[in-house]
Amino acid sequence: MAFLTPSAFPFLMCSNINVSLSGKIHVFWININYCGKLDKKLNGNEIWPIPIYMKTLILMVALTFTPAFILSEESSWEQLYNGKDLSGWQTTGNWIPQKDGSLLIQPREGEKGWQRYDAYLWSKKKYKDFVLHVEYKYPPGGNSGVFFRVGDLKNPVQTGIEAQVLDSIKKKGKVGPHDHGGIIRTIGASKNMSKKPGEWNRMIVTCKGSHLQVELNGEKIVDIQLDKTPMKDRPLEGYIGLQDHGVPNNLYFRNIKVREL
């Protein structure tokens with residue numbers, strides 16, 4: 001967030017422009033009816049009234065550059081799931097594209113247990129430093145996982161990292177590594193941010209070097225250095241995947257995208 005003050009940009013006088021992380025520009029006008037004397041202070045910086053003739057100019061600048069910021073932000077994301085088919089993925093599992101653009105994992109009859117790694121949904125490309133965004137909803141008791149930096153698809157548990165996806169809404173007390181949002185074999189979420197079964201959850205995983213952060217439903221729940229955990233010897237680059245945990249774990253996923261850092 002940036003504030004423009006007269007000391008930095010005298011020609012803008014009292015304009016206060018707020019550039020948000022989403023790339024949008026918000027322009028605030030302060031007492032535009034008069035100009036020429038000190039009016040307010042913001043965080044110790046002088047804020048001056050804006051001349052009326054500057055209002056149109058600043059508004060034009062905001063409207064000109066805002067679409068460019070938004071376009072730049074959106075174009076930096078790679079859509080891992082196109083909402084139609086499994087292009088870009090590899091799996092033997094029963095992952096079914098839905099009419100609403102979501103993706104259903106519906107294990108076939110007799111497909112039980114989680115040690116069927118080829119049935120997981122794997123990216124064809126490896127990723128190193130990135131921000132991964134995924135939304136999902138589970139049934140009561142539903143279980144899955146978001147895998148990343150997996151070095152060997154035949155052994156993802158030992159060569160990758162998993163953020164747990166689990167219906168933990170009824171969990172009481174402190175949540176652990178095997179509860180929703182936890183990093184398996186490493187650390188539990190700092191807070192239980194689970195939604196009710198049937199409601200959409202949003203997980204954002206950020207990996208940069210050994211630094212790992214996980215955000216769940218708007219709350220940062222994991223912030224660790226992997227080189228100081230049991231995951232210290234795991235690859236720093238690998239595949240991204242979603243877990244097929246077997247019958248009866250039918251889960252829906254959508255808005256699966258990644259932005260490389």
# chains A, B, ... in the order shown; residues from 1 in each chain; ligands from 1
$ select_by_dssp --residues "segment 81-260 of chain A" --states "strand (DSSP E)" --output "number ranges by chain"
A: 89-90, 95-97, 103-105, 121-127, 130-137, 143-150, 161-166, 201-208, 211-216, 219-225, 238-242, 251-260
$ residues_around --residues "segment 244-246 of chain A" --least-positions-apart "4" --cutoff "7 Å" --atoms "only C-alpha atoms" --output "ChimeraX atom specification"
/A:105,107,111-114,119-120,143-144
$ residues_around --residues "Asp227 of chain A" --least-positions-apart "5" --cutoff "12 Å" --atoms "only C-alpha atoms" --output "list in words"
Thr186, Lys208, Gly209, Ser210, His211, Leu212, Lys232, Asp233, Arg234, Pro235 and Leu236 of chain A
$ select_by_dssp --residues "segment 46-253 of chain A" --states "alpha helix (DSSP H)" --output "list in words"
Ile52, Tyr53, Met54, Lys55, Thr56, Leu57, Ile58, Leu59, Met60, Val61, Ala62, Leu63, Thr64, Phe65, Thr66, Pro67, Ala68, Phe69, Ile70, Leu71, Ser72, Glu73, Glu74, Ser75, Pro156, Val157, Gln158 and Thr159 of chain A
$ closest_residue --among "A:Pro177, A:Gly101, A:Pro140, A:Gly93" --to "Tyr81 of chain A" --atoms "only C-alpha atoms"
A:Gly101
$ residues_around --residues "Met193 of chain A" --least-positions-apart "5" --cutoff "8 Å" --atoms "only C-alpha atoms" --output "number ranges by chain"
A: 180, 216-217, 219
$ atom_distance --atom1 "atom CA of Gly238 of chain A" --atom2 "atom CA of Asp152 of chain A"
8.1 Å
$ atom_distance --atom1 "atom CA of Tyr127 of chain A" --atom2 "atom CA of Val205 of chain A"
12.4 Å
$ atom_distance --atom1 "atom CA of Gly181 of chain A" --atom2 "atom CA of Ala163 of chain A"
5.7 Å
$ closest_residue --among "A:Arg185, A:Lys84, A:Arg116, A:Lys174" --to "Glu162 of chain A" --atoms "only C-alpha atoms"
A:Arg185
$ closest_residue --among "A:Leu226, A:Ile240, A:Ile204, A:Ile221" --to "Ser123 of chain A" --atoms "only C-alpha atoms"
A:Ile240
$ closest_residue --among "A:Trp122, A:Tyr239, A:Phe253, A:Tyr117" --to "Gly151 of chain A" --atoms "only C-alpha atoms"
A:Tyr239
$ closest_residue --among "A:Gln213, A:Asn250, A:Gln158, A:Asn94" --to "Asp129 of chain A" --atoms "only C-alpha atoms"
A:Gln213
$ closest_residue --among "A:Lys172, A:Lys99, A:Arg108, A:Arg149" --to "Gly241 of chain A" --atoms "only C-alpha atoms"
A:Arg149
$ decode --residues "segment 123-168 of chain A" --atoms "N, CA and C atoms" --output "compact mmCIF listing (two decimals), in the first residue's frame"
# COMPACT_ATOMS: atom_id res chain seq x y z
N SER A 123 0.42 -33.07 -12.05
CA SER A 123 0.81 -32.16 -13.13
C SER A 123 1.88 -32.84 -13.98
N LYS A 124 1.94 -32.49 -15.25
CA LYS A 124 2.98 -33.03 -16.12
C LYS A 124 4.28 -32.25 -15.99
N LYS A 125 4.18 -31.09 -15.39
CA LYS A 125 5.32 -30.19 -15.25
C LYS A 125 5.76 -30.10 -13.80
N LYS A 126 7.05 -29.87 -13.57
CA LYS A 126 7.57 -29.66 -12.23
C LYS A 126 7.60 -28.17 -11.91
N TYR A 127 7.45 -27.86 -10.62
CA TYR A 127 7.46 -26.47 -10.17
C TYR A 127 8.40 -26.34 -8.97
N LYS A 128 9.07 -25.20 -8.91
CA LYS A 128 10.05 -24.96 -7.84
C LYS A 128 9.52 -23.93 -6.85
N ASP A 129 9.62 -22.66 -7.18
CA ASP A 129 9.09 -21.59 -6.34
C ASP A 129 7.79 -21.10 -6.96
N PHE A 130 6.73 -21.04 -6.17
CA PHE A 130 5.41 -20.78 -6.75
C PHE A 130 4.39 -20.40 -5.69
N VAL A 131 3.25 -19.91 -6.18
CA VAL A 131 2.04 -19.75 -5.38
C VAL A 131 0.99 -20.65 -6.02
N LEU A 132 0.44 -21.57 -5.25
CA LEU A 132 -0.57 -22.51 -5.74
C LEU A 132 -1.92 -22.17 -5.11
N HIS A 133 -2.93 -22.04 -5.96
CA HIS A 133 -4.28 -21.70 -5.50
C HIS A 133 -5.21 -22.85 -5.87
N VAL A 134 -5.99 -23.34 -4.91
CA VAL A 134 -6.94 -24.41 -5.19
C VAL A 134 -8.15 -24.29 -4.26
N GLU A 135 -9.32 -24.52 -4.81
CA GLU A 135 -10.55 -24.52 -4.03
C GLU A 135 -11.15 -25.93 -4.08
N TYR A 136 -11.81 -26.32 -2.99
CA TYR A 136 -12.35 -27.68 -2.92
C TYR A 136 -13.45 -27.75 -1.86
N LYS A 137 -14.28 -28.78 -2.00
CA LYS A 137 -15.27 -29.07 -0.97
C LYS A 137 -15.34 -30.57 -0.78
N TYR A 138 -15.53 -30.98 0.46
CA TYR A 138 -15.51 -32.39 0.81
C TYR A 138 -16.86 -32.81 1.39
N PRO A 139 -17.17 -34.11 1.35
CA PRO A 139 -18.38 -34.62 2.01
C PRO A 139 -18.07 -34.81 3.49
N PRO A 140 -19.05 -35.15 4.31
CA PRO A 140 -18.77 -35.43 5.72
C PRO A 140 -17.68 -36.50 5.85
N GLY A 141 -16.62 -36.17 6.58
CA GLY A 141 -15.52 -37.11 6.76
C GLY A 141 -14.57 -37.19 5.58
N GLY A 142 -14.78 -36.34 4.57
CA GLY A 142 -13.97 -36.40 3.34
C GLY A 142 -12.49 -36.19 3.58
N ASN A 143 -11.67 -36.90 2.79
CA ASN A 143 -10.22 -36.88 2.97
C ASN A 143 -9.53 -36.80 1.61
N SER A 144 -8.54 -35.92 1.51
CA SER A 144 -7.72 -35.81 0.32
C SER A 144 -6.43 -35.10 0.72
N GLY A 145 -5.72 -34.54 -0.23
CA GLY A 145 -4.49 -33.82 0.08
C GLY A 145 -3.99 -33.06 -1.12
N VAL A 146 -3.29 -31.97 -0.86
CA VAL A 146 -2.64 -31.18 -1.90
C VAL A 146 -1.14 -31.46 -1.81
N PHE A 147 -0.59 -32.10 -2.84
CA PHE A 147 0.83 -32.44 -2.87
C PHE A 147 1.59 -31.43 -3.72
N PHE A 148 2.84 -31.20 -3.37
CA PHE A 148 3.68 -30.31 -4.16
C PHE A 148 5.15 -30.66 -3.94
N ARG A 149 5.96 -30.24 -4.91
CA ARG A 149 7.40 -30.56 -4.92
C ARG A 149 7.65 -32.06 -4.75
N VAL A 150 6.87 -32.85 -5.47
CA VAL A 150 7.03 -34.31 -5.43
C VAL A 150 8.09 -34.72 -6.44
N GLY A 151 9.13 -35.38 -5.96
CA GLY A 151 10.23 -35.77 -6.83
C GLY A 151 9.99 -37.07 -7.57
N ASP A 152 9.29 -38.02 -6.95
CA ASP A 152 9.06 -39.34 -7.53
C ASP A 152 7.58 -39.67 -7.41
N LEU A 153 6.87 -39.74 -8.54
CA LEU A 153 5.43 -39.99 -8.52
C LEU A 153 5.09 -41.39 -8.01
N LYS A 154 6.06 -42.28 -7.99
CA LYS A 154 5.81 -43.62 -7.47
C LYS A 154 5.91 -43.66 -5.95
N ASN A 155 6.44 -42.59 -5.37
CA ASN A 155 6.60 -42.53 -3.92
C ASN A 155 6.45 -41.09 -3.42
N PRO A 156 5.27 -40.49 -3.62
CA PRO A 156 5.08 -39.08 -3.27
C PRO A 156 5.16 -38.80 -1.78
N VAL A 157 4.78 -39.77 -0.96
CA VAL A 157 4.78 -39.56 0.49
C VAL A 157 6.20 -39.33 1.02
N GLN A 158 7.18 -40.01 0.42
CA GLN A 158 8.56 -39.90 0.88
C GLN A 158 9.37 -38.87 0.10
N THR A 159 8.86 -38.43 -1.04
CA THR A 159 9.65 -37.51 -1.87
C THR A 159 8.95 -36.19 -2.14
N GLY A 160 7.88 -35.91 -1.42
CA GLY A 160 7.16 -34.66 -1.62
C GLY A 160 6.59 -34.13 -0.32
N ILE A 161 5.75 -33.12 -0.43
CA ILE A 161 5.12 -32.48 0.73
C ILE A 161 3.61 -32.49 0.52
N GLU A 162 2.87 -32.77 1.59
CA GLU A 162 1.41 -32.80 1.50
C GLU A 162 0.77 -31.86 2.50
N ALA A 163 -0.13 -31.01 2.00
CA ALA A 163 -0.99 -30.20 2.85
C ALA A 163 -2.31 -30.96 2.97
N GLN A 164 -2.70 -31.26 4.19
CA GLN A 164 -3.86 -32.11 4.42
C GLN A 164 -5.18 -31.44 4.05
N VAL A 165 -6.04 -32.20 3.38
CA VAL A 165 -7.42 -31.80 3.11
C VAL A 165 -8.30 -32.81 3.83
N LEU A 166 -9.06 -32.35 4.81
CA LEU A 166 -9.82 -33.27 5.66
C LEU A 166 -10.97 -32.52 6.33
N ASP A 167 -12.11 -33.16 6.40
CA ASP A 167 -13.23 -32.59 7.15
C ASP A 167 -12.88 -32.58 8.63
N SER A 168 -12.43 -31.41 9.11
CA SER A 168 -12.02 -31.28 10.52
C SER A 168 -12.91 -30.31 11.28
